[in-house]
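This report refers to the structure that appears directly beneath it.
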Amino acid sequence: MEKWGNEIFNTPALQDSNIPIMAARPIRTGARSRYAFALYEVLLGVAIFALGVIALGRAVENCISASTISSEENVVRQILSDRMAQVQAASAVPETEKEFKIKTSYGRVILTQKAAPAALTEPDNTLITGINLVTLTARWEHAGVPQSKQIQFYVYRSS
């Protein structure tokens with residue numbers, strides 16, 4: 001035994017042994033599916049991933065569209081607010097009807113101003129004079145679809 005020993009550790013080595021170094025694996029064809037993914041499983045995973053990416057793309061597109069619409073409406077609100085401030089600050093009675101065409105970065109906005117005497121009465125049926133109802137209407141298009149916003153307010157001018 002000593003002549004087959006390992007000089008490093010001084011332990012006996014096995015020259016001829018019945019124990020193989022690596023155990024042989026039995027080849028089982030049905031057991032392969034437990035250890036690896038089949039092609040259909042991979043394709044199903046890729047299809048689910050692709051659907052998720054498409055859904056995410058559409059969600060981003062909807063967010064961008066909503067942001068654009070919100071920006072357009074903010075511009076229109078600002079136009080209406082500016083015109084309302086001009087009418088309220090003027091000392092004259094508001095014009096009966098007037099139209100403005102305003103160019104914006106989102107396209108043309110048509111602003112229509114209409115004013116009419118407000119038919120307001122006191123509890124004793126006395127007509128109140130000098131108060132006008134002003135209606136401002138803004139019209140524009142978004143993606144070929146007509147859009148509009150409208151505000152109404154009262155303006156008092158003594159006669």
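Scheme for the structure tokens: letters A, B, ... for chains in order shown; per-chain residue numbers from 1; ligand numbers from 1 in order shown.
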Discussion item. Could you list, as a ChimeraX atom specification, every residue within 9 Å of A:Ser158, counting only C-alpha atoms and ignoring same-chain residues fewer than 3 positions away?
Written reply: /A:93,129-131
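You will find atom CA of A:Ala115 at 21.8 Å from atom CA of A:Gln147.
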Fill in: Two-atom distance - atom CA of A:Val109, atom CA of A:Val76 (Å)
7.7 Å
Item to complete: Per DSSP on the backbone, filter stretch 17-132 of chain A down to the residues in strand (DSSP E or B) and report them as a list in words.
Response: Glu97, Lys98, Glu99, Phe100, Lys101, Ile102, Lys103, Thr104, Gly107, Arg108, Val109, Ile110, Leu111, Thr112, Gln113, Lys114, Ala115, Ala116, Pro117, Leu120, Thr121, Leu127, Ile128, Ile131 and Asn132 of chain A
Restricting it to C-alpha atoms, dump the selection as a tab-separated table (two decimals), in the first residue's frame.
```tsv
chain	number	residue	atom	x	y	z
A	97	GLU	CA	-70.62	91.60	-30.22
A	98	LYS	CA	-66.96	91.37	-31.10
A	99	GLU	CA	-64.69	88.63	-32.49
A	100	PHE	CA	-60.94	88.15	-32.11
A	101	LYS	CA	-58.68	85.73	-33.95
A	102	ILE	CA	-55.68	84.82	-31.81
A	103	LYS	CA	-52.69	82.82	-33.02
A	104	THR	CA	-51.20	80.46	-30.47
A	107	GLY	CA	-53.20	76.89	-33.66
A	108	ARG	CA	-55.78	79.63	-34.09
A	109	VAL	CA	-58.26	80.42	-31.31
A	110	ILE	CA	-61.40	82.39	-32.18
A	111	LEU	CA	-62.64	84.45	-29.24
A	112	THR	CA	-66.20	85.77	-29.43
A	113	GLN	CA	-67.45	88.40	-27.00
A	114	LYS	CA	-71.18	89.03	-26.61
A	115	ALA	CA	-72.76	91.47	-24.19
A	116	ALA	CA	-76.40	92.09	-23.38
A	117	PRO	CA	-78.20	93.96	-20.63
A	120	LEU	CA	-82.21	91.50	-13.20
A	121	THR	CA	-84.99	92.65	-10.90
A	127	LEU	CA	-85.62	96.50	-13.02
A	128	ILE	CA	-81.91	96.96	-12.23
A	131	ILE	CA	-75.57	95.63	-15.43
A	132	ASN	CA	-74.50	93.72	-18.54
```
Worksheet item: What is the distance between atom CA of A:Lys149 and atom CA of A:Arg77, in Å to one decimal?
Response: 8.0 Å
